[in-house]
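*Asks:* To be precise about what I am sending: the file is called final.csv and holds CSV, N, CA and C atoms.
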```
chain,number,residue,atom,x,y,z
A,1,MET,N,9.4,-4.5,-10.6
A,1,MET,CA,8.8,-4.6,-9.3
A,1,MET,C,7.3,-4.7,-9.5
A,2,LYS,N,6.7,-5.7,-8.7
A,2,LYS,CA,5.3,-5.9,-8.8
A,2,LYS,C,4.6,-5.2,-7.6
A,3,ILE,N,3.7,-4.4,-7.9
A,3,ILE,CA,3.0,-3.6,-6.9
A,3,ILE,C,1.6,-3.9,-6.8
A,4,LEU,N,1.1,-4.1,-5.5
A,4,LEU,CA,-0.3,-4.3,-5.3
A,4,LEU,C,-0.9,-3.0,-4.7
A,5,VAL,N,-1.9,-2.5,-5.5
A,5,VAL,CA,-2.6,-1.3,-5.1
A,5,VAL,C,-4.0,-1.7,-4.5
A,6,VAL,N,-4.3,-1.3,-3.3
A,6,VAL,CA,-5.5,-1.7,-2.6
A,6,VAL,C,-6.3,-0.5,-2.2
A,7,ASP,N,-7.4,-0.3,-2.9
A,7,ASP,CA,-8.3,0.9,-2.6
A,7,ASP,C,-9.7,0.6,-3.1
A,8,ASP,N,-10.7,0.9,-2.3
A,8,ASP,CA,-12.1,0.6,-2.8
A,8,ASP,C,-12.5,1.6,-3.9
A,9,SER,N,-11.8,2.7,-4.1
A,9,SER,CA,-12.1,3.6,-5.1
A,9,SER,C,-11.4,3.3,-6.4
A,10,LEU,N,-12.2,3.0,-7.5
A,10,LEU,CA,-11.6,2.7,-8.8
A,10,LEU,C,-10.8,3.9,-9.3
A,11,THR,N,-11.4,5.1,-9.1
A,11,THR,CA,-10.7,6.3,-9.5
A,11,THR,C,-9.3,6.5,-8.8
A,12,MET,N,-9.3,6.3,-7.5
A,12,MET,CA,-8.0,6.4,-6.8
A,12,MET,C,-7.0,5.3,-7.3
A,13,ARG,N,-7.5,4.1,-7.5
A,13,ARG,CA,-6.6,3.1,-8.1
A,13,ARG,C,-6.0,3.5,-9.4
A,14,LYS,N,-6.8,4.2,-10.2
A,14,LYS,CA,-6.3,4.7,-11.5
A,14,LYS,C,-5.3,5.8,-11.3
A,15,ILE,N,-5.6,6.7,-10.4
A,15,ILE,CA,-4.6,7.8,-10.1
A,15,ILE,C,-3.3,7.2,-9.7
A,16,ILE,N,-3.3,6.3,-8.8
A,16,ILE,CA,-2.1,5.7,-8.3
A,16,ILE,C,-1.4,4.9,-9.4
A,17,LYS,N,-2.1,4.2,-10.2
A,17,LYS,CA,-1.5,3.5,-11.3
A,17,LYS,C,-0.9,4.4,-12.3
A,18,ASN,N,-1.5,5.6,-12.6
A,18,ASN,CA,-0.9,6.6,-13.5
A,18,ASN,C,0.4,7.1,-12.9
A,19,CYS,N,0.4,7.4,-11.6
A,19,CYS,CA,1.6,7.9,-10.9
A,19,CYS,C,2.7,6.8,-11.1
A,20,LEU,N,2.4,5.6,-10.8
A,20,LEU,CA,3.3,4.5,-10.9
A,20,LEU,C,3.9,4.4,-12.3
A,21,ALA,N,3.0,4.5,-13.3
A,21,ALA,CA,3.4,4.4,-14.7
A,21,ALA,C,4.4,5.4,-15.1
A,22,LYS,N,4.2,6.7,-14.6
A,22,LYS,CA,5.1,7.8,-14.8
A,22,LYS,C,6.5,7.5,-14.2
A,23,MET,N,6.5,6.7,-13.1
A,23,MET,CA,7.8,6.3,-12.5
A,23,MET,C,8.4,5.1,-13.2
A,24,GLY,N,7.7,4.5,-14.2
A,24,GLY,CA,8.2,3.4,-14.9
A,24,GLY,C,7.7,2.1,-14.4
A,25,GLU,N,6.8,2.1,-13.4
A,25,GLU,CA,6.3,0.9,-12.8
A,25,GLU,C,5.0,0.5,-13.4
A,26,LYS,N,5.0,-0.5,-14.2
A,26,LYS,CA,3.8,-0.9,-15.0
A,26,LYS,C,3.2,-2.2,-14.5
A,27,ASP,N,4.0,-2.9,-13.7
A,27,ASP,CA,3.5,-4.2,-13.2
A,27,ASP,C,2.7,-4.0,-11.9
A,28,VAL,N,1.4,-3.7,-12.1
A,28,VAL,CA,0.6,-3.3,-11.0
A,28,VAL,C,-0.7,-4.2,-11.0
A,29,ILE,N,-1.0,-4.7,-9.8
A,29,ILE,CA,-2.2,-5.5,-9.5
A,29,ILE,C,-3.1,-4.7,-8.6
A,30,GLU,N,-4.4,-4.8,-8.8
A,30,GLU,CA,-5.3,-4.1,-8.0
A,30,GLU,C,-6.2,-5.0,-7.2
A,31,ALA,N,-6.7,-4.4,-6.1
A,31,ALA,CA,-7.7,-5.0,-5.2
A,31,ALA,C,-8.5,-3.9,-4.6
A,32,SER,N,-9.8,-4.2,-4.4
A,32,SER,CA,-10.8,-3.2,-3.9
A,32,SER,C,-11.0,-3.2,-2.4
A,33,ASP,N,-10.4,-4.2,-1.7
A,33,ASP,CA,-10.4,-4.3,-0.3
A,33,ASP,C,-9.4,-5.3,0.2
A,34,GLY,N,-9.3,-5.4,1.6
A,34,GLY,CA,-8.3,-6.3,2.2
A,34,GLY,C,-8.5,-7.7,1.8
A,35,VAL,N,-9.7,-8.2,1.8
A,35,VAL,CA,-10.0,-9.6,1.4
A,35,VAL,C,-9.5,-9.9,0.1
A,36,GLU,N,-9.8,-9.1,-0.9
A,36,GLU,CA,-9.4,-9.3,-2.3
A,36,GLU,C,-7.8,-9.2,-2.3
A,37,ALA,N,-7.3,-8.3,-1.6
A,37,ALA,CA,-5.8,-8.1,-1.6
A,37,ALA,C,-5.1,-9.3,-1.1
A,38,LEU,N,-5.6,-10.0,0.0
A,38,LEU,CA,-5.0,-11.2,0.5
A,38,LEU,C,-5.0,-12.3,-0.6
A,39,LYS,N,-6.1,-12.4,-1.4
A,39,LYS,CA,-6.2,-13.3,-2.5
A,39,LYS,C,-5.1,-13.0,-3.5
A,40,GLN,N,-4.9,-11.8,-3.8
A,40,GLN,CA,-3.9,-11.4,-4.8
A,40,GLN,C,-2.5,-11.7,-4.2
A,41,LEU,N,-2.3,-11.6,-2.9
A,41,LEU,CA,-1.0,-11.9,-2.4
A,41,LEU,C,-0.7,-13.4,-2.5
A,42,GLU,N,-1.8,-14.2,-2.3
A,42,GLU,CA,-1.6,-15.7,-2.5
A,42,GLU,C,-1.2,-16.1,-3.9
A,43,ASN,N,-1.7,-15.3,-4.9
A,43,ASN,CA,-1.5,-15.7,-6.3
A,43,ASN,C,-0.4,-15.0,-7.0
A,44,ASN,N,0.3,-14.1,-6.3
A,44,ASN,CA,1.3,-13.3,-7.0
A,44,ASN,C,2.5,-13.0,-6.0
A,45,GLN,N,3.7,-12.8,-6.6
A,45,GLN,CA,4.9,-12.4,-5.9
A,45,GLN,C,4.9,-10.9,-5.9
A,46,ILE,N,4.5,-10.3,-4.7
A,46,ILE,CA,4.4,-8.9,-4.6
A,46,ILE,C,5.6,-8.3,-4.0
A,47,ASP,N,6.1,-7.1,-4.5
A,47,ASP,CA,7.3,-6.5,-4.0
A,47,ASP,C,6.9,-5.2,-3.1
A,48,LEU,N,5.7,-4.7,-3.3
A,48,LEU,CA,5.3,-3.5,-2.6
A,48,LEU,C,3.8,-3.4,-2.5
A,49,ILE,N,3.3,-3.0,-1.4
A,49,ILE,CA,1.8,-2.8,-1.2
A,49,ILE,C,1.5,-1.4,-0.9
A,50,LEU,N,0.6,-0.8,-1.7
A,50,LEU,CA,0.1,0.5,-1.4
A,50,LEU,C,-1.4,0.3,-1.0
A,51,THR,N,-1.8,0.6,0.2
A,51,THR,CA,-3.1,0.3,0.6
A,51,THR,C,-3.8,1.5,1.3
A,52,ASP,N,-5.1,1.7,1.0
A,52,ASP,CA,-6.0,2.6,1.6
A,52,ASP,C,-6.3,2.1,3.0
A,53,TRP,N,-6.8,3.0,3.8
A,53,TRP,CA,-7.2,2.6,5.2
A,53,TRP,C,-8.7,2.2,5.2
A,54,ASN,N,-9.5,3.2,4.7
A,54,ASN,CA,-11.0,3.0,4.8
A,54,ASN,C,-11.6,2.3,3.6
A,55,MET,N,-11.9,1.0,3.8
A,55,MET,CA,-12.5,0.2,2.8
A,55,MET,C,-13.5,-0.8,3.4
A,56,PRO,N,-14.4,-1.3,2.6
A,56,PRO,CA,-15.4,-2.2,3.2
A,56,PRO,C,-14.8,-3.6,3.3
A,57,ASN,N,-15.5,-4.5,4.0
A,57,ASN,CA,-15.1,-5.9,4.2
A,57,ASN,C,-13.9,-6.1,5.1
A,58,MET,N,-12.7,-5.6,4.7
A,58,MET,CA,-11.5,-5.6,5.5
A,58,MET,C,-10.8,-4.3,5.2
A,59,ASN,N,-10.6,-3.5,6.2
A,59,ASN,CA,-10.0,-2.2,6.0
A,59,ASN,C,-8.5,-2.3,5.9
A,60,GLY,N,-7.8,-1.3,5.6
A,60,GLY,CA,-6.3,-1.3,5.3
A,60,GLY,C,-5.5,-1.7,6.6
A,61,LEU,N,-6.0,-1.2,7.7
A,61,LEU,CA,-5.3,-1.6,9.0
A,61,LEU,C,-5.4,-3.1,9.3
A,62,GLU,N,-6.6,-3.6,9.1
A,62,GLU,CA,-6.8,-5.0,9.4
A,62,GLU,C,-6.0,-5.8,8.4
A,63,PHE,N,-6.0,-5.4,7.1
A,63,PHE,CA,-5.2,-6.0,6.1
A,63,PHE,C,-3.7,-6.0,6.4
A,64,LEU,N,-3.2,-4.9,6.8
A,64,LEU,CA,-1.8,-4.7,7.2
A,64,LEU,C,-1.5,-5.7,8.3
A,65,ILE,N,-2.3,-5.8,9.3
A,65,ILE,CA,-2.1,-6.7,10.5
A,65,ILE,C,-2.0,-8.1,10.0
A,66,LYS,N,-2.9,-8.5,9.1
A,66,LYS,CA,-2.9,-9.9,8.5
A,66,LYS,C,-1.6,-10.1,7.7
A,67,VAL,N,-1.1,-9.1,7.0
A,67,VAL,CA,0.1,-9.3,6.2
A,67,VAL,C,1.3,-9.5,7.1
A,68,ARG,N,1.3,-8.7,8.2
A,68,ARG,CA,2.5,-8.8,9.1
A,68,ARG,C,2.4,-10.1,9.9
A,69,GLU,N,1.3,-10.7,10.1
A,69,GLU,CA,1.1,-11.9,10.9
A,69,GLU,C,1.6,-13.1,10.0
A,70,ASN,N,1.6,-13.0,8.7
A,70,ASN,CA,1.9,-14.1,7.8
A,70,ASN,C,3.3,-14.2,7.5
A,71,GLU,N,4.0,-15.3,7.8
A,71,GLU,CA,5.4,-15.4,7.6
A,71,GLU,C,5.8,-15.2,6.1
A,72,LYS,N,4.9,-15.6,5.2
A,72,LYS,CA,5.2,-15.4,3.7
A,72,LYS,C,5.2,-13.9,3.3
A,73,TYR,N,4.4,-13.1,3.9
A,73,TYR,CA,4.3,-11.7,3.5
A,73,TYR,C,4.8,-10.7,4.4
A,74,LYS,N,5.3,-11.1,5.6
A,74,LYS,CA,5.6,-10.1,6.6
A,74,LYS,C,6.7,-9.1,6.2
A,75,ASN,N,7.6,-9.5,5.3
A,75,ASN,CA,8.7,-8.6,4.9
A,75,ASN,C,8.4,-7.7,3.6
A,76,ILE,N,7.2,-7.8,3.2
A,76,ILE,CA,6.8,-6.9,2.0
A,76,ILE,C,6.6,-5.5,2.5
A,77,PRO,N,7.2,-4.5,1.9
A,77,PRO,CA,7.0,-3.1,2.3
A,77,PRO,C,5.5,-2.7,2.1
A,78,VAL,N,5.0,-2.0,3.0
A,78,VAL,CA,3.6,-1.5,2.9
A,78,VAL,C,3.5,0.0,3.2
A,79,ILE,N,2.9,0.7,2.2
A,79,ILE,CA,2.7,2.1,2.4
A,79,ILE,C,1.2,2.4,2.5
A,80,MET,N,0.8,3.0,3.5
A,80,MET,CA,-0.6,3.4,3.7
A,80,MET,C,-0.8,4.7,2.9
A,81,VAL,N,-1.8,4.7,2.0
A,81,VAL,CA,-2.2,5.9,1.2
A,81,VAL,C,-3.6,6.2,1.6
A,82,THR,N,-3.8,7.2,2.4
A,82,THR,CA,-5.1,7.4,3.0
A,82,THR,C,-5.5,8.8,3.4
A,83,THR,N,-6.7,9.1,3.6
A,83,THR,CA,-7.2,10.4,4.1
A,83,THR,C,-7.0,10.5,5.6
A,84,GLU,N,-6.7,9.4,6.3
A,84,GLU,CA,-6.5,9.4,7.7
A,84,GLU,C,-5.2,10.2,8.1
A,85,ALA,N,-5.3,11.5,8.4
A,85,ALA,CA,-4.2,12.4,8.5
A,85,ALA,C,-3.8,12.6,10.0
A,86,GLU,N,-4.6,12.2,10.9
A,86,GLU,CA,-4.3,12.5,12.3
A,86,GLU,C,-3.1,11.7,12.8
A,87,LYS,N,-2.3,12.4,13.6
A,87,LYS,CA,-1.1,11.8,14.1
A,87,LYS,C,-1.3,10.5,14.7
A,88,SER,N,-2.4,10.3,15.5
A,88,SER,CA,-2.7,9.1,16.2
A,88,SER,C,-2.9,7.9,15.1
A,89,SER,N,-3.5,8.3,14.0
A,89,SER,CA,-3.7,7.3,12.9
A,89,SER,C,-2.4,6.8,12.3
A,90,VAL,N,-1.5,7.8,12.1
A,90,VAL,CA,-0.2,7.5,11.5
A,90,VAL,C,0.6,6.6,12.5
A,91,ILE,N,0.6,6.9,13.7
A,91,ILE,CA,1.2,6.1,14.7
A,91,ILE,C,0.7,4.7,14.8
A,92,GLU,N,-0.7,4.6,14.8
A,92,GLU,CA,-1.3,3.3,14.8
A,92,GLU,C,-0.9,2.4,13.6
A,93,ALA,N,-0.8,3.1,12.4
A,93,ALA,CA,-0.4,2.3,11.2
A,93,ALA,C,1.0,1.9,11.3
A,94,ILE,N,1.9,2.8,11.8
A,94,ILE,CA,3.3,2.4,11.9
A,94,ILE,C,3.5,1.3,12.9
A,95,LYS,N,2.8,1.4,14.0
A,95,LYS,CA,2.9,0.3,15.0
A,95,LYS,C,2.4,-1.0,14.5
A,96,ALA,N,1.4,-1.0,13.6
A,96,ALA,CA,0.9,-2.2,13.0
A,96,ALA,C,1.8,-2.8,11.9
A,97,GLY,N,2.8,-2.0,11.5
A,97,GLY,CA,3.8,-2.5,10.5
A,97,GLY,C,3.8,-1.7,9.2
A,98,ALA,N,3.2,-0.6,9.1
A,98,ALA,CA,3.3,0.2,7.9
A,98,ALA,C,4.7,0.7,7.8
A,99,ASN,N,5.3,0.7,6.6
A,99,ASN,CA,6.7,1.2,6.4
A,99,ASN,C,6.7,2.7,6.1
A,100,ASN,N,5.6,3.2,5.5
A,100,ASN,CA,5.5,4.6,5.2
A,100,ASN,C,4.0,5.0,5.1
A,101,TYR,N,3.8,6.3,4.9
A,101,TYR,CA,2.4,6.8,5.1
A,101,TYR,C,2.3,8.0,4.1
A,102,VAL,N,1.3,8.0,3.3
A,102,VAL,CA,1.0,9.1,2.3
A,102,VAL,C,-0.5,9.5,2.6
A,103,VAL,N,-0.6,10.8,2.8
A,103,VAL,CA,-1.9,11.4,3.1
A,103,VAL,C,-2.6,11.9,1.8
A,104,LYS,N,-3.8,11.5,1.5
A,104,LYS,CA,-4.6,11.9,0.3
A,104,LYS,C,-5.1,13.3,0.7
A,105,PRO,N,-5.2,14.2,-0.3
A,105,PRO,CA,-4.7,14.1,-1.7
A,105,PRO,C,-3.2,14.3,-1.6
A,106,PHE,N,-2.5,13.6,-2.6
A,106,PHE,CA,-1.0,13.7,-2.7
A,106,PHE,C,-0.6,14.1,-4.1
A,107,THR,N,0.6,14.5,-4.3
A,107,THR,CA,1.1,14.8,-5.6
A,107,THR,C,1.9,13.5,-6.1
A,108,PRO,N,2.0,13.3,-7.4
A,108,PRO,CA,2.8,12.2,-7.9
A,108,PRO,C,4.2,12.2,-7.3
A,109,LYS,N,4.8,13.4,-7.1
A,109,LYS,CA,6.1,13.6,-6.6
A,109,LYS,C,6.2,13.0,-5.2
A,110,VAL,N,5.2,13.3,-4.3
A,110,VAL,CA,5.2,12.8,-3.0
A,110,VAL,C,5.2,11.3,-2.9
A,111,LEU,N,4.3,10.7,-3.7
A,111,LEU,CA,4.1,9.3,-3.8
A,111,LEU,C,5.5,8.6,-4.2
A,112,GLU,N,6.1,9.2,-5.3
A,112,GLU,CA,7.3,8.7,-5.8
A,112,GLU,C,8.4,8.7,-4.7
A,113,GLU,N,8.5,9.9,-4.0
A,113,GLU,CA,9.5,10.0,-2.9
A,113,GLU,C,9.3,9.0,-1.8
A,114,LYS,N,8.1,8.8,-1.4
A,114,LYS,CA,7.8,7.8,-0.4
A,114,LYS,C,8.1,6.4,-0.8
A,115,ILE,N,7.8,6.1,-2.0
A,115,ILE,CA,8.1,4.7,-2.6
A,115,ILE,C,9.6,4.5,-2.6
A,116,LYS,N,10.3,5.5,-3.2
A,116,LYS,CA,11.8,5.4,-3.2
A,116,LYS,C,12.4,5.2,-1.9
A,117,ALA,N,12.0,6.1,-0.9
A,117,ALA,CA,12.5,6.0,0.4
A,117,ALA,C,12.3,4.7,1.1
A,118,THR,N,11.1,4.1,0.9
A,118,THR,CA,10.7,2.9,1.5
A,118,THR,C,11.5,1.7,0.8
A,119,MET,N,11.6,1.7,-0.5
A,119,MET,CA,12.3,0.6,-1.2
A,119,MET,C,13.8,0.7,-0.9
A,120,GLU,N,14.4,1.9,-0.7
A,120,GLU,CA,15.8,2.0,-0.3
A,120,GLU,C,16.1,1.3,1.0
A,121,LYS,N,15.2,1.4,2.0
A,121,LYS,CA,15.3,0.7,3.3
A,121,LYS,C,15.4,-0.8,3.1
A,122,PHE,N,14.6,-1.3,2.1
A,122,PHE,CA,14.5,-2.7,2.0
A,122,PHE,C,15.6,-3.3,1.2
A,123,LYS,N,16.4,-2.5,0.5
A,123,LYS,CA,17.6,-3.0,-0.3
A,123,LYS,C,18.7,-3.3,0.6
A,124,LYS,N,18.8,-2.7,1.8
A,124,LYS,CA,19.9,-2.9,2.7
A,124,LYS,C,19.9,-4.3,3.3
```
Could the structure of this file be written out as structure tokens, please?
*Replies:*
Amino acid sequence: MKILVVDDSLTMRKIIKNCLAKMGEKDVIEASDGVEALKQLENNQIDLILTDWNMPNMNGLEFLIKVRENEKYKNIPVIMVTTEAEKSSVIEAIKAGANNYVVKPFTPKVLEEKIKATMEKFKK
């Protein structure tokens, strides 16, 4: 499975990559904002997107909306991984097309559970 991790924090991308590696997922591409992430989508066949919300240039919500508007990418599962913990933010992300939501800080177990739950829905 090829996973795109989008976060402006290099440290957070490393943490997520380490969590994914422990799950056996080593095919990971990184982007530091939504603009870069869209370029990665153009050049790679992505199976799952993990994106932060608060980023420069194009934030995670704007990126998510662009992904859902594009016929080529609209069926890729997207999990928001963010500090935005308010219920209204979660609802906004889900309405925009997020398939799941992880609030930072998170444990590797929580991330793994959210990824598995999300991917199970897409196998059907």
*Asks:* CA of Thr82 (chain A) and CA of Val102 (chain A) are how many Å apart?
*Replies:*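 Separation between CA of Thr82 (chain A) and CA of Val102 (chain A): 6.4 Å.
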*Asks:* So which one's closest to Ile46 (chain A), A:Met1, A:Glu30, A:Asp7, A:Ala21? Using only C-alpha atoms, please.
*Replies:*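 Comparing A:Met1, A:Glu30, A:Asp7, A:Ala21 against Ile46 (chain A), the winner is A:Met1.
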*Asks:* Name the closest residue to Asn54 (chain A) among the candidates A:Met23, A:Ala31, A:Ala37, A:Glu84; distances are taken between atoms, counting only N, CA and C atoms.
*Replies:* A:Glu84
*Asks:* Just the alpha helix (DSSP H) stuff from chain A, please, per backbone DSSP, written as a VMD selection string.
*Replies:* chain A and resid 10 to 22 34 to 43 60 to 69 87 to 96 108 to 123
*Asks:* Got a sec: who's within 9 Å of region 72-74 of chain A, counting only C-alpha atoms, leaving out chain neighbours fewer than 3 positions off, as a compact mmCIF listing (two decimals) with N, CA and C atoms, in the coordinates of the input?
*Replies:*
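Saved file part.txt follows:
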```txt
# COMPACT_ATOMS: atom_id res chain seq x y z
N LEU A 41 -2.30 -11.60 -2.90
CA LEU A 41 -1.00 -11.90 -2.40
C LEU A 41 -0.70 -13.40 -2.50
N ILE A 46 4.50 -10.30 -4.70
CA ILE A 46 4.40 -8.90 -4.60
C ILE A 46 5.60 -8.30 -4.00
N LYS A 66 -2.90 -8.50 9.10
CA LYS A 66 -2.90 -9.90 8.50
C LYS A 66 -1.60 -10.10 7.70
N VAL A 67 -1.10 -9.10 7.00
CA VAL A 67 0.10 -9.30 6.20
C VAL A 67 1.30 -9.50 7.10
N ARG A 68 1.30 -8.70 8.20
CA ARG A 68 2.50 -8.80 9.10
C ARG A 68 2.40 -10.10 9.90
N GLU A 69 1.30 -10.70 10.10
CA GLU A 69 1.10 -11.90 10.90
C GLU A 69 1.60 -13.10 10.00
N PRO A 77 7.20 -4.50 1.90
CA PRO A 77 7.00 -3.10 2.30
C PRO A 77 5.50 -2.70 2.10
N GLY A 97 2.80 -2.00 11.50
CA GLY A 97 3.80 -2.50 10.50
C GLY A 97 3.80 -1.70 9.20
```
*Asks:* Between CA of Val103 (chain A) and CA of Lys87 (chain A), what is the distance in Å, rounded to a tenth?
*Replies:*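 We find that CA of Val103 (chain A) and CA of Lys87 (chain A) lie 11.0 Å from each other.
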*Asks:* In Å, how far is it from CA of Ile65 (chain A) to CA of Ser88 (chain A)?
*Replies:*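 Interatomic distance, CA of Ile65 (chain A) to CA of Ser88 (chain A): 16.8 Å.
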*Asks:* Once you count all atoms listed in the file, which residues end up no further than 7 Å from (-14.0, 0.2, -3.0) in the file's frame, shown as a PyMOL selection string?
*Replies:* chain A and resi 7-10+32-33+55-56
*Asks:* Write out as a PDB file with N, CA and C atoms, in the coordinates of the input which residues come within 12 Å of Ile29 (chain A) when counting only C-alpha atoms, dropping same-chain ones fewer than 5 positions away.
*Replies:*
```pdb
ATOM      1  N   MET A   1       9.400  -4.500 -10.600  1.00  0.00           N
ATOM      2  CA  MET A   1       8.800  -4.600  -9.300  1.00  0.00           C
ATOM      3  C   MET A   1       7.300  -4.700  -9.500  1.00  0.00           C
ATOM      4  N   LYS A   2       6.700  -5.700  -8.700  1.00  0.00           N
ATOM      5  CA  LYS A   2       5.300  -5.900  -8.800  1.00  0.00           C
ATOM      6  C   LYS A   2       4.600  -5.200  -7.600  1.00  0.00           C
ATOM      7  N   ILE A   3       3.700  -4.400  -7.900  1.00  0.00           N
ATOM      8  CA  ILE A   3       3.000  -3.600  -6.900  1.00  0.00           C
ATOM      9  C   ILE A   3       1.600  -3.900  -6.800  1.00  0.00           C
ATOM     10  N   LEU A   4       1.100  -4.100  -5.500  1.00  0.00           N
ATOM     11  CA  LEU A   4      -0.300  -4.300  -5.300  1.00  0.00           C
ATOM     12  C   LEU A   4      -0.900  -3.000  -4.700  1.00  0.00           C
ATOM     13  N   VAL A   5      -1.900  -2.500  -5.500  1.00  0.00           N
ATOM     14  CA  VAL A   5      -2.600  -1.300  -5.100  1.00  0.00           C
ATOM     15  C   VAL A   5      -4.000  -1.700  -4.500  1.00  0.00           C
ATOM     16  N   VAL A   6      -4.300  -1.300  -3.300  1.00  0.00           N
ATOM     17  CA  VAL A   6      -5.500  -1.700  -2.600  1.00  0.00           C
ATOM     18  C   VAL A   6      -6.300  -0.500  -2.200  1.00  0.00           C
ATOM     19  N   ASP A   7      -7.400  -0.300  -2.900  1.00  0.00           N
ATOM     20  CA  ASP A   7      -8.300   0.900  -2.600  1.00  0.00           C
ATOM     21  C   ASP A   7      -9.700   0.600  -3.100  1.00  0.00           C
ATOM     22  N   ARG A  13      -7.500   4.100  -7.500  1.00  0.00           N
ATOM     23  CA  ARG A  13      -6.600   3.100  -8.100  1.00  0.00           C
ATOM     24  C   ARG A  13      -6.000   3.500  -9.400  1.00  0.00           C
ATOM     25  N   LYS A  14      -6.800   4.200 -10.200  1.00  0.00           N
ATOM     26  CA  LYS A  14      -6.300   4.700 -11.500  1.00  0.00           C
ATOM     27  C   LYS A  14      -5.300   5.800 -11.300  1.00  0.00           C
ATOM     28  N   ILE A  16      -3.300   6.300  -8.800  1.00  0.00           N
ATOM     29  CA  ILE A  16      -2.100   5.700  -8.300  1.00  0.00           C
ATOM     30  C   ILE A  16      -1.400   4.900  -9.400  1.00  0.00           C
ATOM     31  N   LYS A  17      -2.100   4.200 -10.200  1.00  0.00           N
ATOM     32  CA  LYS A  17      -1.500   3.500 -11.300  1.00  0.00           C
ATOM     33  C   LYS A  17      -0.900   4.400 -12.300  1.00  0.00           C
ATOM     34  N   LEU A  20       2.400   5.600 -10.800  1.00  0.00           N
ATOM     35  CA  LEU A  20       3.300   4.500 -10.900  1.00  0.00           C
ATOM     36  C   LEU A  20       3.900   4.400 -12.300  1.00  0.00           C
ATOM     37  N   GLU A  36      -9.800  -9.100  -0.900  1.00  0.00           N
ATOM     38  CA  GLU A  36      -9.400  -9.300  -2.300  1.00  0.00           C
ATOM     39  C   GLU A  36      -7.800  -9.200  -2.300  1.00  0.00           C
ATOM     40  N   ALA A  37      -7.300  -8.300  -1.600  1.00  0.00           N
ATOM     41  CA  ALA A  37      -5.800  -8.100  -1.600  1.00  0.00           C
ATOM     42  C   ALA A  37      -5.100  -9.300  -1.100  1.00  0.00           C
ATOM     43  N   LEU A  38      -5.600 -10.000   0.000  1.00  0.00           N
ATOM     44  CA  LEU A  38      -5.000 -11.200   0.500  1.00  0.00           C
ATOM     45  C   LEU A  38      -5.000 -12.300  -0.600  1.00  0.00           C
ATOM     46  N   LYS A  39      -6.100 -12.400  -1.400  1.00  0.00           N
ATOM     47  CA  LYS A  39      -6.200 -13.300  -2.500  1.00  0.00           C
ATOM     48  C   LYS A  39      -5.100 -13.000  -3.500  1.00  0.00           C
ATOM     49  N   GLN A  40      -4.900 -11.800  -3.800  1.00  0.00           N
ATOM     50  CA  GLN A  40      -3.900 -11.400  -4.800  1.00  0.00           C
ATOM     51  C   GLN A  40      -2.500 -11.700  -4.200  1.00  0.00           C
ATOM     52  N   LEU A  41      -2.300 -11.600  -2.900  1.00  0.00           N
ATOM     53  CA  LEU A  41      -1.000 -11.900  -2.400  1.00  0.00           C
ATOM     54  C   LEU A  41      -0.700 -13.400  -2.500  1.00  0.00           C
ATOM     55  N   ASN A  43      -1.700 -15.300  -4.900  1.00  0.00           N
ATOM     56  CA  ASN A  43      -1.500 -15.700  -6.300  1.00  0.00           C
ATOM     57  C   ASN A  43      -0.400 -15.000  -7.000  1.00  0.00           C
ATOM     58  N   ASN A  44       0.300 -14.100  -6.300  1.00  0.00           N
ATOM     59  CA  ASN A  44       1.300 -13.300  -7.000  1.00  0.00           C
ATOM     60  C   ASN A  44       2.500 -13.000  -6.000  1.00  0.00           C
ATOM     61  N   GLN A  45       3.700 -12.800  -6.600  1.00  0.00           N
ATOM     62  CA  GLN A  45       4.900 -12.400  -5.900  1.00  0.00           C
ATOM     63  C   GLN A  45       4.900 -10.900  -5.900  1.00  0.00           C
ATOM     64  N   ILE A  46       4.500 -10.300  -4.700  1.00  0.00           N
ATOM     65  CA  ILE A  46       4.400  -8.900  -4.600  1.00  0.00           C
ATOM     66  C   ILE A  46       5.600  -8.300  -4.000  1.00  0.00           C
ATOM     67  N   ASP A  47       6.100  -7.100  -4.500  1.00  0.00           N
ATOM     68  CA  ASP A  47       7.300  -6.500  -4.000  1.00  0.00           C
ATOM     69  C   ASP A  47       6.900  -5.200  -3.100  1.00  0.00           C
ATOM     70  N   LEU A  48       5.700  -4.700  -3.300  1.00  0.00           N
ATOM     71  CA  LEU A  48       5.300  -3.500  -2.600  1.00  0.00           C
ATOM     72  C   LEU A  48       3.800  -3.400  -2.500  1.00  0.00           C
ATOM     73  N   ILE A  49       3.300  -3.000  -1.400  1.00  0.00           N
ATOM     74  CA  ILE A  49       1.800  -2.800  -1.200  1.00  0.00           C
ATOM     75  C   ILE A  49       1.500  -1.400  -0.900  1.00  0.00           C
ATOM     76  N   LEU A  50       0.600  -0.800  -1.700  1.00  0.00           N
ATOM     77  CA  LEU A  50       0.100   0.500  -1.400  1.00  0.00           C
ATOM     78  C   LEU A  50      -1.400   0.300  -1.000  1.00  0.00           C
ATOM     79  N   THR A  51      -1.800   0.600   0.200  1.00  0.00           N
ATOM     80  CA  THR A  51      -3.100   0.300   0.600  1.00  0.00           C
ATOM     81  C   THR A  51      -3.800   1.500   1.300  1.00  0.00           C
TER      82      THR A  51
END
```
*Asks:* When distances are computed from only N, CA and C atoms, which of A:Ile76, A:Gly34, A:Asn99, A:Thr83 shows the smallest separation from Gly60 (chain A)?
*Replies:*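 Of A:Ile76, A:Gly34, A:Asn99, A:Thr83, the one nearest Gly60 (chain A) is A:Gly34, counting only N, CA and C atoms.
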*Asks:* Which residue, A:Lys26, A:Glu112, A:Val78, A:Lys121, has the smallest gap to Asn100 (chain A) when you use all atoms listed in the file?
*Replies:* A:Val78
*Asks:* Please run DSSP on the backbone and report, as number ranges by chain, all residues within chain A that come out as strand (DSSP E or B).
*Replies:* A: 3-6, 28-31, 48-51, 78-82, 100-103
*Asks:* Name the closest residue to Ala117 (chain A) among the candidates A:Thr11, A:Asp52, A:Asn75, A:Tyr101; distances are taken between atoms, counting only C-alpha atoms.
*Replies:*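 Among A:Thr11, A:Asp52, A:Asn75, A:Tyr101, it is A:Tyr101 that comes nearest to Ala117 (chain A).
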